[in-house]
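*Asks:* Below you'll find the structure I mean.
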Amino acid sequence: MFQNKKIEIACFNLESALIAQNAGADRVELCADMSVGGTTPTIEIIQQARENLSIDLYVMIRPRGGNFVYSEAEFKHMKSEIEIIKKLGVNGFVFGNLKDDKTINLEQNKVLVELAKPFPCTFHRAFDAVSNYEQALEDVISCGFSTILTSGTFPNVMEGKEVLKQLVIQANNRIEIMPGGGLRSINILELNEMVNANWYHSSAITDVSETANPDEIIQLKKKLQS
């Protein structure tokens, strides 16, 4: 029944990326600096990941932690990073730019999505900071993103499950809604039954380290396919 459901693992180091692949993950989202929720990884780490991974590799483009409202200088930096990283054989990009009023920055996001072509782009959890998620969903679709990573505008997916369900219904297959944020093998079954998304996102970190737990990834996949 659930055999088409897929798992993306957020990886903050090369070791996690290799663990994710070996444990059966469908895709890696590569980032740096877990303490701020992820930033752009170094070129070296991206190259090493690409050399060692056969599964899809998405790379986060985020110049710093904190909010998702970027200056012209930061926006210019994001553009140059996409242009450089495009040449490394990645499969997609992950970013999200907002305006001061907590709406989607249509102009900046459209430029970045266009620049990333032909690679697909995920709008990351900046979505959880928006003031109106129904309007934000339409705006993200209009920018050309293929996926939204979200916890349903709440701190974690279980608190946001009602909103996640509504987002999947509203999206109506125009864009993937990928629940992520506090997603673990202990709650993925309940969440999937309610939300019924196609993709799910987890760091699969179960201790104080910044490294994915292979058993947790195996369990995430197993629960989705049961």
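As shown in the structure tokens, the chain order sets the letters A, B, ...; within each chain, residues go from 1, and ligands are also counted from 1 in the order they appear.
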Would you list the contacts of Tyr58 of chain A as a compact mmCIF listing (two decimals) with N, CA and C atoms, in the first residue's frame, taking every protein, DNA or RNA residue within 7 Å and counting only C-alpha atoms, but skipping same-chain residues closer than 4 positions in sequence?

*Replies:*
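Saved file around35.txt follows:
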```txt
# COMPACT_ATOMS: atom_id res chain seq x y z
N VAL A 28 19.45 12.28 -0.09
CA VAL A 28 20.17 13.01 0.96
C VAL A 28 19.99 14.51 0.75
N GLU A 29 19.67 15.22 1.84
CA GLU A 29 19.74 16.67 1.83
C GLU A 29 21.00 17.03 2.61
N LEU A 30 21.99 17.58 1.92
CA LEU A 30 23.29 17.86 2.54
C LEU A 30 23.33 19.30 3.03
N VAL A 90 25.13 17.54 -8.58
CA VAL A 90 24.06 17.36 -7.60
C VAL A 90 22.74 17.15 -8.33
N ASN A 91 21.69 16.81 -7.56
CA ASN A 91 20.39 16.51 -8.18
C ASN A 91 19.32 17.54 -7.88
N GLY A 92 19.60 18.45 -6.93
CA GLY A 92 18.60 19.45 -6.59
C GLY A 92 19.11 20.40 -5.53
N PHE A 93 18.32 21.45 -5.27
CA PHE A 93 18.70 22.48 -4.30
C PHE A 93 17.58 22.70 -3.29
N VAL A 94 17.97 23.21 -2.13
CA VAL A 94 17.03 23.45 -1.03
C VAL A 94 17.28 24.86 -0.50
```

*Asks:* Taking the backbone alone, and naming residues the way the document does, which bits of segment 87-167 of chain A are helix (DSSP H, G or I) by DSSP, as a PDB file with all heavy atoms, in the first residue's frame?

*Replies:*
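out_29.pdb written:
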```pdb
ATOM      1  N   LYS A  87      27.558  22.597 -11.045  1.00  0.00           N
ATOM      2  CA  LYS A  87      28.562  21.886 -11.851  1.00  0.00           C
ATOM      3  C   LYS A  87      29.122  20.643 -11.159  1.00  0.00           C
ATOM      4  O   LYS A  87      29.950  19.941 -11.737  1.00  0.00           O
ATOM      5  CB  LYS A  87      29.710  22.846 -12.186  1.00  0.00           C
ATOM      6  CG  LYS A  87      29.269  24.056 -12.994  1.00  0.00           C
ATOM      7  CD  LYS A  87      30.345  25.131 -13.020  1.00  0.00           C
ATOM      8  CE  LYS A  87      29.845  26.394 -13.719  1.00  0.00           C
ATOM      9  NZ  LYS A  87      30.778  27.516 -13.550  1.00  0.00           N
ATOM     10  N   LEU A  88      28.662  20.377  -9.939  1.00  0.00           N
ATOM     11  CA  LEU A  88      29.250  19.276  -9.152  1.00  0.00           C
ATOM     12  C   LEU A  88      28.460  17.978  -9.252  1.00  0.00           C
ATOM     13  O   LEU A  88      28.755  17.019  -8.556  1.00  0.00           O
ATOM     14  CB  LEU A  88      29.370  19.700  -7.678  1.00  0.00           C
ATOM     15  CG  LEU A  88      30.198  20.966  -7.412  1.00  0.00           C
ATOM     16  CD1 LEU A  88      30.249  21.254  -5.916  1.00  0.00           C
ATOM     17  CD2 LEU A  88      31.609  20.828  -7.977  1.00  0.00           C
ATOM     18  N   LEU A 106       8.824  36.476  -3.681  1.00  0.00           N
ATOM     19  CA  LEU A 106       8.604  35.932  -5.027  1.00  0.00           C
ATOM     20  C   LEU A 106       9.773  36.236  -5.959  1.00  0.00           C
ATOM     21  O   LEU A 106      10.250  35.355  -6.682  1.00  0.00           O
ATOM     22  CB  LEU A 106       7.315  36.498  -5.619  1.00  0.00           C
ATOM     23  CG  LEU A 106       6.017  36.116  -4.899  1.00  0.00           C
ATOM     24  CD1 LEU A 106       4.848  36.909  -5.447  1.00  0.00           C
ATOM     25  CD2 LEU A 106       5.749  34.622  -5.035  1.00  0.00           C
ATOM     26  N   GLU A 107      10.231  37.459  -5.932  1.00  0.00           N
ATOM     27  CA  GLU A 107      11.278  37.880  -6.859  1.00  0.00           C
ATOM     28  C   GLU A 107      12.573  37.084  -6.649  1.00  0.00           C
ATOM     29  O   GLU A 107      13.121  36.513  -7.600  1.00  0.00           O
ATOM     30  CB  GLU A 107      11.549  39.377  -6.680  1.00  0.00           C
ATOM     31  CG  GLU A 107      12.517  39.930  -7.710  1.00  0.00           C
ATOM     32  CD  GLU A 107      12.823  41.403  -7.471  1.00  0.00           C
ATOM     33  OE1 GLU A 107      12.110  42.053  -6.686  1.00  0.00           O
ATOM     34  OE2 GLU A 107      13.787  41.896  -8.072  1.00  0.00           O
ATOM     35  N   GLN A 108      13.049  37.021  -5.420  1.00  0.00           N
ATOM     36  CA  GLN A 108      14.308  36.311  -5.145  1.00  0.00           C
ATOM     37  C   GLN A 108      14.182  34.819  -5.434  1.00  0.00           C
ATOM     38  O   GLN A 108      15.062  34.215  -6.058  1.00  0.00           O
ATOM     39  CB  GLN A 108      14.746  36.532  -3.691  1.00  0.00           C
ATOM     40  CG  GLN A 108      15.292  37.915  -3.418  1.00  0.00           C
ATOM     41  CD  GLN A 108      15.907  38.035  -2.029  1.00  0.00           C
ATOM     42  OE1 GLN A 108      15.890  37.091  -1.236  1.00  0.00           O
ATOM     43  NE2 GLN A 108      16.446  39.204  -1.736  1.00  0.00           N
ATOM     44  N   ASN A 109      13.082  34.204  -4.968  1.00  0.00           N
ATOM     45  CA  ASN A 109      12.924  32.761  -5.171  1.00  0.00           C
ATOM     46  C   ASN A 109      12.819  32.380  -6.641  1.00  0.00           C
ATOM     47  O   ASN A 109      13.379  31.373  -7.070  1.00  0.00           O
ATOM     48  CB  ASN A 109      11.707  32.242  -4.396  1.00  0.00           C
ATOM     49  CG  ASN A 109      11.945  32.192  -2.893  1.00  0.00           C
ATOM     50  OD1 ASN A 109      12.872  31.545  -2.429  1.00  0.00           O
ATOM     51  ND2 ASN A 109      11.118  32.887  -2.139  1.00  0.00           N
ATOM     52  N   LYS A 110      12.103  33.183  -7.414  1.00  0.00           N
ATOM     53  CA  LYS A 110      11.976  32.886  -8.848  1.00  0.00           C
ATOM     54  C   LYS A 110      13.329  32.936  -9.547  1.00  0.00           C
ATOM     55  O   LYS A 110      13.628  32.093 -10.406  1.00  0.00           O
ATOM     56  CB  LYS A 110      10.996  33.878  -9.506  1.00  0.00           C
ATOM     57  CG  LYS A 110       9.540  33.545  -9.236  1.00  0.00           C
ATOM     58  CD  LYS A 110       8.608  34.572  -9.880  1.00  0.00           C
ATOM     59  CE  LYS A 110       7.150  34.214  -9.618  1.00  0.00           C
ATOM     60  NZ  LYS A 110       6.221  35.238 -10.140  1.00  0.00           N
ATOM     61  N   VAL A 111      14.147  33.916  -9.178  1.00  0.00           N
ATOM     62  CA  VAL A 111      15.493  34.026  -9.761  1.00  0.00           C
ATOM     63  C   VAL A 111      16.325  32.791  -9.421  1.00  0.00           C
ATOM     64  O   VAL A 111      16.995  32.212 -10.287  1.00  0.00           O
ATOM     65  CB  VAL A 111      16.201  35.313  -9.272  1.00  0.00           C
ATOM     66  CG1 VAL A 111      17.680  35.288  -9.629  1.00  0.00           C
ATOM     67  CG2 VAL A 111      15.525  36.541  -9.856  1.00  0.00           C
ATOM     68  N   LEU A 112      16.275  32.353  -8.163  1.00  0.00           N
ATOM     69  CA  LEU A 112      17.076  31.202  -7.730  1.00  0.00           C
ATOM     70  C   LEU A 112      16.592  29.899  -8.373  1.00  0.00           C
ATOM     71  O   LEU A 112      17.399  29.066  -8.794  1.00  0.00           O
ATOM     72  CB  LEU A 112      17.052  31.077  -6.203  1.00  0.00           C
ATOM     73  CG  LEU A 112      17.707  32.223  -5.421  1.00  0.00           C
ATOM     74  CD1 LEU A 112      17.543  32.010  -3.922  1.00  0.00           C
ATOM     75  CD2 LEU A 112      19.182  32.366  -5.777  1.00  0.00           C
ATOM     76  N   VAL A 113      15.275  29.730  -8.455  1.00  0.00           N
ATOM     77  CA  VAL A 113      14.718  28.528  -9.105  1.00  0.00           C
ATOM     78  C   VAL A 113      15.128  28.483 -10.578  1.00  0.00           C
ATOM     79  O   VAL A 113      15.509  27.430 -11.102  1.00  0.00           O
ATOM     80  CB  VAL A 113      13.181  28.482  -8.957  1.00  0.00           C
ATOM     81  CG1 VAL A 113      12.575  27.408  -9.861  1.00  0.00           C
ATOM     82  CG2 VAL A 113      12.789  28.212  -7.509  1.00  0.00           C
ATOM     83  N   GLU A 114      15.062  29.618 -11.225  1.00  0.00           N
ATOM     84  CA  GLU A 114      15.448  29.703 -12.642  1.00  0.00           C
ATOM     85  C   GLU A 114      16.928  29.381 -12.812  1.00  0.00           C
ATOM     86  O   GLU A 114      17.332  28.662 -13.734  1.00  0.00           O
ATOM     87  CB  GLU A 114      15.140  31.113 -13.163  1.00  0.00           C
ATOM     88  CG  GLU A 114      15.308  31.285 -14.664  1.00  0.00           C
ATOM     89  CD  GLU A 114      14.345  30.461 -15.487  1.00  0.00           C
ATOM     90  OE1 GLU A 114      13.201  30.218 -15.041  1.00  0.00           O
ATOM     91  OE2 GLU A 114      14.742  30.042 -16.602  1.00  0.00           O
ATOM     92  N   LEU A 115      17.735  29.899 -11.897  1.00  0.00           N
ATOM     93  CA  LEU A 115      19.173  29.687 -11.940  1.00  0.00           C
ATOM     94  C   LEU A 115      19.528  28.214 -11.715  1.00  0.00           C
ATOM     95  O   LEU A 115      20.492  27.693 -12.278  1.00  0.00           O
ATOM     96  CB  LEU A 115      19.845  30.548 -10.856  1.00  0.00           C
ATOM     97  CG  LEU A 115      21.326  30.882 -10.981  1.00  0.00           C
ATOM     98  CD1 LEU A 115      21.625  31.557 -12.310  1.00  0.00           C
ATOM     99  CD2 LEU A 115      21.743  31.778  -9.816  1.00  0.00           C
ATOM    100  N   ALA A 116      18.737  27.548 -10.909  1.00  0.00           N
ATOM    101  CA  ALA A 116      19.010  26.142 -10.557  1.00  0.00           C
ATOM    102  C   ALA A 116      18.635  25.171 -11.681  1.00  0.00           C
ATOM    103  O   ALA A 116      19.069  24.023 -11.671  1.00  0.00           O
ATOM    104  CB  ALA A 116      18.231  25.765  -9.298  1.00  0.00           C
ATOM    105  N   ARG A 125      12.189  24.837   5.429  1.00  0.00           N
ATOM    106  CA  ARG A 125      11.300  25.169   6.546  1.00  0.00           C
ATOM    107  C   ARG A 125      11.182  26.659   6.849  1.00  0.00           C
ATOM    108  O   ARG A 125      10.540  27.039   7.836  1.00  0.00           O
ATOM    109  CB  ARG A 125      11.707  24.378   7.795  1.00  0.00           C
ATOM    110  CG  ARG A 125      11.365  22.890   7.658  1.00  0.00           C
ATOM    111  CD  ARG A 125      11.600  22.142   8.935  1.00  0.00           C
ATOM    112  NE  ARG A 125      10.735  22.626   9.995  1.00  0.00           N
ATOM    113  CZ  ARG A 125      10.939  22.374  11.291  1.00  0.00           C
ATOM    114  NH1 ARG A 125      11.990  21.649  11.651  1.00  0.00           N
ATOM    115  NH2 ARG A 125      10.115  22.830  12.204  1.00  0.00           N
ATOM    116  N   ALA A 126      11.732  27.496   6.001  1.00  0.00           N
ATOM    117  CA  ALA A 126      11.355  28.919   6.055  1.00  0.00           C
ATOM    118  C   ALA A 126       9.838  29.019   5.930  1.00  0.00           C
ATOM    119  O   ALA A 126       9.210  29.954   6.436  1.00  0.00           O
ATOM    120  CB  ALA A 126      12.031  29.692   4.922  1.00  0.00           C
ATOM    121  N   PHE A 127       9.241  28.010   5.282  1.00  0.00           N
ATOM    122  CA  PHE A 127       7.780  27.970   5.112  1.00  0.00           C
ATOM    123  C   PHE A 127       7.068  28.009   6.460  1.00  0.00           C
ATOM    124  O   PHE A 127       5.963  28.548   6.573  1.00  0.00           O
ATOM    125  CB  PHE A 127       7.384  26.694   4.351  1.00  0.00           C
ATOM    126  CG  PHE A 127       5.945  26.678   3.903  1.00  0.00           C
ATOM    127  CD1 PHE A 127       5.579  27.243   2.694  1.00  0.00           C
ATOM    128  CD2 PHE A 127       4.957  26.099   4.689  1.00  0.00           C
ATOM    129  CE1 PHE A 127       4.244  27.237   2.276  1.00  0.00           C
ATOM    130  CE2 PHE A 127       3.631  26.089   4.287  1.00  0.00           C
ATOM    131  CZ  PHE A 127       3.270  26.672   3.079  1.00  0.00           C
ATOM    132  N   ASP A 128       7.715  27.456   7.483  1.00  0.00           N
ATOM    133  CA  ASP A 128       7.067  27.385   8.797  1.00  0.00           C
ATOM    134  C   ASP A 128       7.028  28.732   9.511  1.00  0.00           C
ATOM    135  O   ASP A 128       6.428  28.855  10.578  1.00  0.00           O
ATOM    136  CB  ASP A 128       7.757  26.322   9.657  1.00  0.00           C
ATOM    137  CG  ASP A 128       7.562  24.925   9.084  1.00  0.00           C
ATOM    138  OD1 ASP A 128       6.467  24.651   8.568  1.00  0.00           O
ATOM    139  OD2 ASP A 128       8.511  24.117   9.122  1.00  0.00           O
ATOM    140  N   ALA A 129       7.664  29.739   8.928  1.00  0.00           N
ATOM    141  CA  ALA A 129       7.667  31.079   9.513  1.00  0.00           C
ATOM    142  C   ALA A 129       6.678  32.019   8.818  1.00  0.00           C
ATOM    143  O   ALA A 129       6.584  33.191   9.182  1.00  0.00           O
ATOM    144  CB  ALA A 129       9.077  31.672   9.447  1.00  0.00           C
ATOM    145  N   TYR A 133      -0.228  30.316   5.588  1.00  0.00           N
ATOM    146  CA  TYR A 133       0.319  29.151   4.872  1.00  0.00           C
ATOM    147  C   TYR A 133      -0.441  28.826   3.597  1.00  0.00           C
ATOM    148  O   TYR A 133       0.128  28.290   2.640  1.00  0.00           O
ATOM    149  CB  TYR A 133       0.427  27.925   5.794  1.00  0.00           C
ATOM    150  CG  TYR A 133      -0.872  27.338   6.287  1.00  0.00           C
ATOM    151  CD1 TYR A 133      -1.632  26.496   5.483  1.00  0.00           C
ATOM    152  CD2 TYR A 133      -1.334  27.592   7.574  1.00  0.00           C
ATOM    153  CE1 TYR A 133      -2.821  25.938   5.940  1.00  0.00           C
ATOM    154  CE2 TYR A 133      -2.509  27.038   8.054  1.00  0.00           C
ATOM    155  CZ  TYR A 133      -3.260  26.217   7.227  1.00  0.00           C
ATOM    156  OH  TYR A 133      -4.429  25.664   7.682  1.00  0.00           O
ATOM    157  N   GLU A 134      -1.739  29.152   3.545  1.00  0.00           N
ATOM    158  CA  GLU A 134      -2.511  28.856   2.327  1.00  0.00           C
ATOM    159  C   GLU A 134      -2.029  29.724   1.163  1.00  0.00           C
ATOM    160  O   GLU A 134      -1.839  29.239   0.054  1.00  0.00           O
ATOM    161  CB  GLU A 134      -4.008  29.061   2.589  1.00  0.00           C
ATOM    162  CG  GLU A 134      -4.573  28.016   3.537  1.00  0.00           C
ATOM    163  CD  GLU A 134      -5.996  28.330   3.964  1.00  0.00           C
ATOM    164  OE1 GLU A 134      -6.365  29.533   3.974  1.00  0.00           O
ATOM    165  OE2 GLU A 134      -6.729  27.393   4.290  1.00  0.00           O
ATOM    166  N   GLN A 135      -1.835  31.018   1.433  1.00  0.00           N
ATOM    167  CA  GLN A 135      -1.315  31.915   0.401  1.00  0.00           C
ATOM    168  C   GLN A 135       0.135  31.561   0.068  1.00  0.00           C
ATOM    169  O   GLN A 135       0.537  31.578  -1.095  1.00  0.00           O
ATOM    170  CB  GLN A 135      -1.396  33.369   0.875  1.00  0.00           C
ATOM    171  CG  GLN A 135      -0.907  34.386  -0.161  1.00  0.00           C
ATOM    172  CD  GLN A 135      -1.676  34.310  -1.470  1.00  0.00           C
ATOM    173  OE1 GLN A 135      -2.910  34.325  -1.469  1.00  0.00           O
ATOM    174  NE2 GLN A 135      -0.968  34.202  -2.584  1.00  0.00           N
ATOM    175  N   ALA A 136       0.917  31.233   1.107  1.00  0.00           N
ATOM    176  CA  ALA A 136       2.332  30.901   0.900  1.00  0.00           C
ATOM    177  C   ALA A 136       2.485  29.678  -0.006  1.00  0.00           C
ATOM    178  O   ALA A 136       3.380  29.633  -0.852  1.00  0.00           O
ATOM    179  CB  ALA A 136       3.020  30.650   2.244  1.00  0.00           C
ATOM    180  N   LEU A 137       1.604  28.699   0.154  1.00  0.00           N
ATOM    181  CA  LEU A 137       1.653  27.514  -0.701  1.00  0.00           C
ATOM    182  C   LEU A 137       1.484  27.910  -2.168  1.00  0.00           C
ATOM    183  O   LEU A 137       2.250  27.462  -3.033  1.00  0.00           O
ATOM    184  CB  LEU A 137       0.567  26.520  -0.288  1.00  0.00           C
ATOM    185  CG  LEU A 137       0.356  25.303  -1.196  1.00  0.00           C
ATOM    186  CD1 LEU A 137       1.621  24.471  -1.337  1.00  0.00           C
ATOM    187  CD2 LEU A 137      -0.783  24.435  -0.696  1.00  0.00           C
ATOM    188  N   GLU A 138       0.506  28.756  -2.452  1.00  0.00           N
ATOM    189  CA  GLU A 138       0.283  29.189  -3.837  1.00  0.00           C
ATOM    190  C   GLU A 138       1.488  29.981  -4.357  1.00  0.00           C
ATOM    191  O   GLU A 138       1.887  29.837  -5.517  1.00  0.00           O
ATOM    192  CB  GLU A 138      -0.992  30.025  -3.932  1.00  0.00           C
ATOM    193  CG  GLU A 138      -2.270  29.286  -3.533  1.00  0.00           C
ATOM    194  CD  GLU A 138      -2.517  28.013  -4.332  1.00  0.00           C
ATOM    195  OE1 GLU A 138      -2.198  27.976  -5.539  1.00  0.00           O
ATOM    196  OE2 GLU A 138      -3.036  27.035  -3.734  1.00  0.00           O
ATOM    197  N   ASP A 139       2.063  30.798  -3.496  1.00  0.00           N
ATOM    198  CA  ASP A 139       3.223  31.596  -3.900  1.00  0.00           C
ATOM    199  C   ASP A 139       4.427  30.713  -4.218  1.00  0.00           C
ATOM    200  O   ASP A 139       5.142  30.948  -5.202  1.00  0.00           O
ATOM    201  CB  ASP A 139       3.591  32.599  -2.802  1.00  0.00           C
ATOM    202  CG  ASP A 139       2.596  33.744  -2.696  1.00  0.00           C
ATOM    203  OD1 ASP A 139       1.802  33.932  -3.652  1.00  0.00           O
ATOM    204  OD2 ASP A 139       2.601  34.445  -1.668  1.00  0.00           O
ATOM    205  N   VAL A 140       4.657  29.701  -3.385  1.00  0.00           N
ATOM    206  CA  VAL A 140       5.792  28.794  -3.613  1.00  0.00           C
ATOM    207  C   VAL A 140       5.602  28.027  -4.922  1.00  0.00           C
ATOM    208  O   VAL A 140       6.544  27.853  -5.694  1.00  0.00           O
ATOM    209  CB  VAL A 140       5.985  27.827  -2.415  1.00  0.00           C
ATOM    210  CG1 VAL A 140       7.008  26.744  -2.748  1.00  0.00           C
ATOM    211  CG2 VAL A 140       6.436  28.597  -1.174  1.00  0.00           C
ATOM    212  N   ILE A 141       4.379  27.596  -5.185  1.00  0.00           N
ATOM    213  CA  ILE A 141       4.086  26.916  -6.452  1.00  0.00           C
ATOM    214  C   ILE A 141       4.380  27.855  -7.630  1.00  0.00           C
ATOM    215  O   ILE A 141       4.995  27.450  -8.622  1.00  0.00           O
ATOM    216  CB  ILE A 141       2.613  26.434  -6.487  1.00  0.00           C
ATOM    217  CG1 ILE A 141       2.407  25.263  -5.515  1.00  0.00           C
ATOM    218  CG2 ILE A 141       2.219  26.002  -7.912  1.00  0.00           C
ATOM    219  CD1 ILE A 141       0.946  24.857  -5.328  1.00  0.00           C
ATOM    220  N   SER A 142       3.980  29.110  -7.498  1.00  0.00           N
ATOM    221  CA  SER A 142       4.171  30.069  -8.593  1.00  0.00           C
ATOM    222  C   SER A 142       5.644  30.351  -8.870  1.00  0.00           C
ATOM    223  O   SER A 142       6.009  30.756  -9.971  1.00  0.00           O
ATOM    224  CB  SER A 142       3.438  31.377  -8.288  1.00  0.00           C
ATOM    225  OG  SER A 142       4.128  32.153  -7.328  1.00  0.00           O
ATOM    226  N   CYS A 143       6.489  30.127  -7.873  1.00  0.00           N
ATOM    227  CA  CYS A 143       7.937  30.330  -8.053  1.00  0.00           C
ATOM    228  C   CYS A 143       8.609  29.171  -8.796  1.00  0.00           C
ATOM    229  O   CYS A 143       9.745  29.304  -9.251  1.00  0.00           O
ATOM    230  CB  CYS A 143       8.622  30.503  -6.697  1.00  0.00           C
ATOM    231  SG  CYS A 143       8.227  32.047  -5.863  1.00  0.00           S
ATOM    232  N   LYS A 161       0.361  18.377  12.302  1.00  0.00           N
ATOM    233  CA  LYS A 161      -0.196  17.357  11.397  1.00  0.00           C
ATOM    234  C   LYS A 161      -1.504  17.771  10.733  1.00  0.00           C
ATOM    235  O   LYS A 161      -1.760  17.409   9.587  1.00  0.00           O
ATOM    236  CB  LYS A 161      -0.351  16.017  12.125  1.00  0.00           C
ATOM    237  CG  LYS A 161      -1.280  16.025  13.318  1.00  0.00           C
ATOM    238  CD  LYS A 161      -1.234  14.677  14.049  1.00  0.00           C
ATOM    239  CE  LYS A 161      -2.157  14.699  15.267  1.00  0.00           C
ATOM    240  NZ  LYS A 161      -2.080  13.427  16.018  1.00  0.00           N
ATOM    241  N   GLU A 162      -2.342  18.542  11.438  1.00  0.00           N
ATOM    242  CA  GLU A 162      -3.604  18.998  10.832  1.00  0.00           C
ATOM    243  C   GLU A 162      -3.328  19.936   9.657  1.00  0.00           C
ATOM    244  O   GLU A 162      -3.965  19.840   8.603  1.00  0.00           O
ATOM    245  CB  GLU A 162      -4.466  19.720  11.878  1.00  0.00           C
ATOM    246  CG  GLU A 162      -4.954  18.833  13.006  1.00  0.00           C
ATOM    247  CD  GLU A 162      -6.145  17.981  12.616  1.00  0.00           C
ATOM    248  OE1 GLU A 162      -6.664  18.144  11.493  1.00  0.00           O
ATOM    249  OE2 GLU A 162      -6.558  17.131  13.427  1.00  0.00           O
ATOM    250  N   VAL A 163      -2.370  20.849   9.858  1.00  0.00           N
ATOM    251  CA  VAL A 163      -2.004  21.774   8.778  1.00  0.00           C
ATOM    252  C   VAL A 163      -1.350  21.016   7.625  1.00  0.00           C
ATOM    253  O   VAL A 163      -1.630  21.290   6.449  1.00  0.00           O
ATOM    254  CB  VAL A 163      -1.068  22.889   9.295  1.00  0.00           C
ATOM    255  CG1 VAL A 163      -0.548  23.740   8.138  1.00  0.00           C
ATOM    256  CG2 VAL A 163      -1.793  23.765  10.307  1.00  0.00           C
ATOM    257  N   LEU A 164      -0.488  20.053   7.946  1.00  0.00           N
ATOM    258  CA  LEU A 164       0.159  19.241   6.907  1.00  0.00           C
ATOM    259  C   LEU A 164      -0.889  18.529   6.048  1.00  0.00           C
ATOM    260  O   LEU A 164      -0.765  18.499   4.822  1.00  0.00           O
ATOM    261  CB  LEU A 164       1.107  18.219   7.537  1.00  0.00           C
ATOM    262  CG  LEU A 164       2.404  18.791   8.108  1.00  0.00           C
ATOM    263  CD1 LEU A 164       3.101  17.757   8.990  1.00  0.00           C
ATOM    264  CD2 LEU A 164       3.343  19.231   6.984  1.00  0.00           C
ATOM    265  N   LYS A 165      -1.894  17.993   6.695  1.00  0.00           N
ATOM    266  CA  LYS A 165      -2.972  17.325   5.959  1.00  0.00           C
ATOM    267  C   LYS A 165      -3.664  18.308   5.012  1.00  0.00           C
ATOM    268  O   LYS A 165      -3.928  17.987   3.845  1.00  0.00           O
ATOM    269  CB  LYS A 165      -3.990  16.741   6.949  1.00  0.00           C
ATOM    270  CG  LYS A 165      -5.136  15.996   6.288  1.00  0.00           C
ATOM    271  CD  LYS A 165      -6.109  15.471   7.327  1.00  0.00           C
ATOM    272  CE  LYS A 165      -7.268  14.734   6.663  1.00  0.00           C
ATOM    273  NZ  LYS A 165      -8.229  14.222   7.675  1.00  0.00           N
ATOM    274  N   GLN A 166      -3.934  19.517   5.517  1.00  0.00           N
ATOM    275  CA  GLN A 166      -4.584  20.535   4.690  1.00  0.00           C
ATOM    276  C   GLN A 166      -3.700  20.970   3.522  1.00  0.00           C
ATOM    277  O   GLN A 166      -4.188  21.204   2.414  1.00  0.00           O
ATOM    278  CB  GLN A 166      -4.948  21.755   5.550  1.00  0.00           C
ATOM    279  CG  GLN A 166      -6.062  21.497   6.554  1.00  0.00           C
ATOM    280  CD  GLN A 166      -7.312  20.900   5.923  1.00  0.00           C
ATOM    281  OE1 GLN A 166      -7.781  21.381   4.894  1.00  0.00           O
ATOM    282  NE2 GLN A 166      -7.825  19.836   6.520  1.00  0.00           N
ATOM    283  N   LEU A 167      -2.390  21.061   3.782  1.00  0.00           N
ATOM    284  CA  LEU A 167      -1.461  21.460   2.721  1.00  0.00           C
ATOM    285  C   LEU A 167      -1.422  20.419   1.600  1.00  0.00           C
ATOM    286  O   LEU A 167      -1.396  20.771   0.413  1.00  0.00           O
ATOM    287  CB  LEU A 167      -0.058  21.659   3.292  1.00  0.00           C
ATOM    288  CG  LEU A 167       0.164  22.930   4.117  1.00  0.00           C
ATOM    289  CD1 LEU A 167       1.493  22.859   4.856  1.00  0.00           C
ATOM    290  CD2 LEU A 167       0.104  24.172   3.240  1.00  0.00           C
TER     291      LEU A 167
END
```

*Asks:* Can you list, as an NGL selection string, every protein, DNA or RNA residue that comes within 9 Å of segment 185-189 of chain A when you count only C-alpha atoms, leaving out same-chain residues fewer than 6 positions away?

*Replies:* :A and (158 or 200 or 204 or 216-224 or 226)

*Asks:* Under the rule that only C-alpha atoms are counted, which of A:Ser80, A:Asn105, A:Thr153, A:Asn173 is the nearest residue to Thr40 of chain A?

*Replies:*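 Ranking A:Ser80, A:Asn105, A:Thr153, A:Asn173 by distance to Thr40 of chain A, first place goes to A:Ser80.
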
*Asks:* May I ask which of the residues A:Lys86, A:Arg64, A:Arg50, A:His77 is the closest one to Ser35 of chain A, counting only C-alpha atoms?

*Replies:*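 The shortest atom-to-atom distance to Ser35 of chain A comes from A:Arg64.
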
*Asks:* As an exercise, work out the distance from atom CA of Glu44 of chain A to atom CA of Glu81 of chain A in Å and give it to one decimal place.

*Replies:* 13.1 Å

*Asks:* Quick one: residues within 6 Å of Thr150 of chain A, only C-alpha atoms counted, chain neighbours fewer than 2 positions away excluded, as a PyMOL selection string?

*Replies:* chain A and resi 125+152+179-180
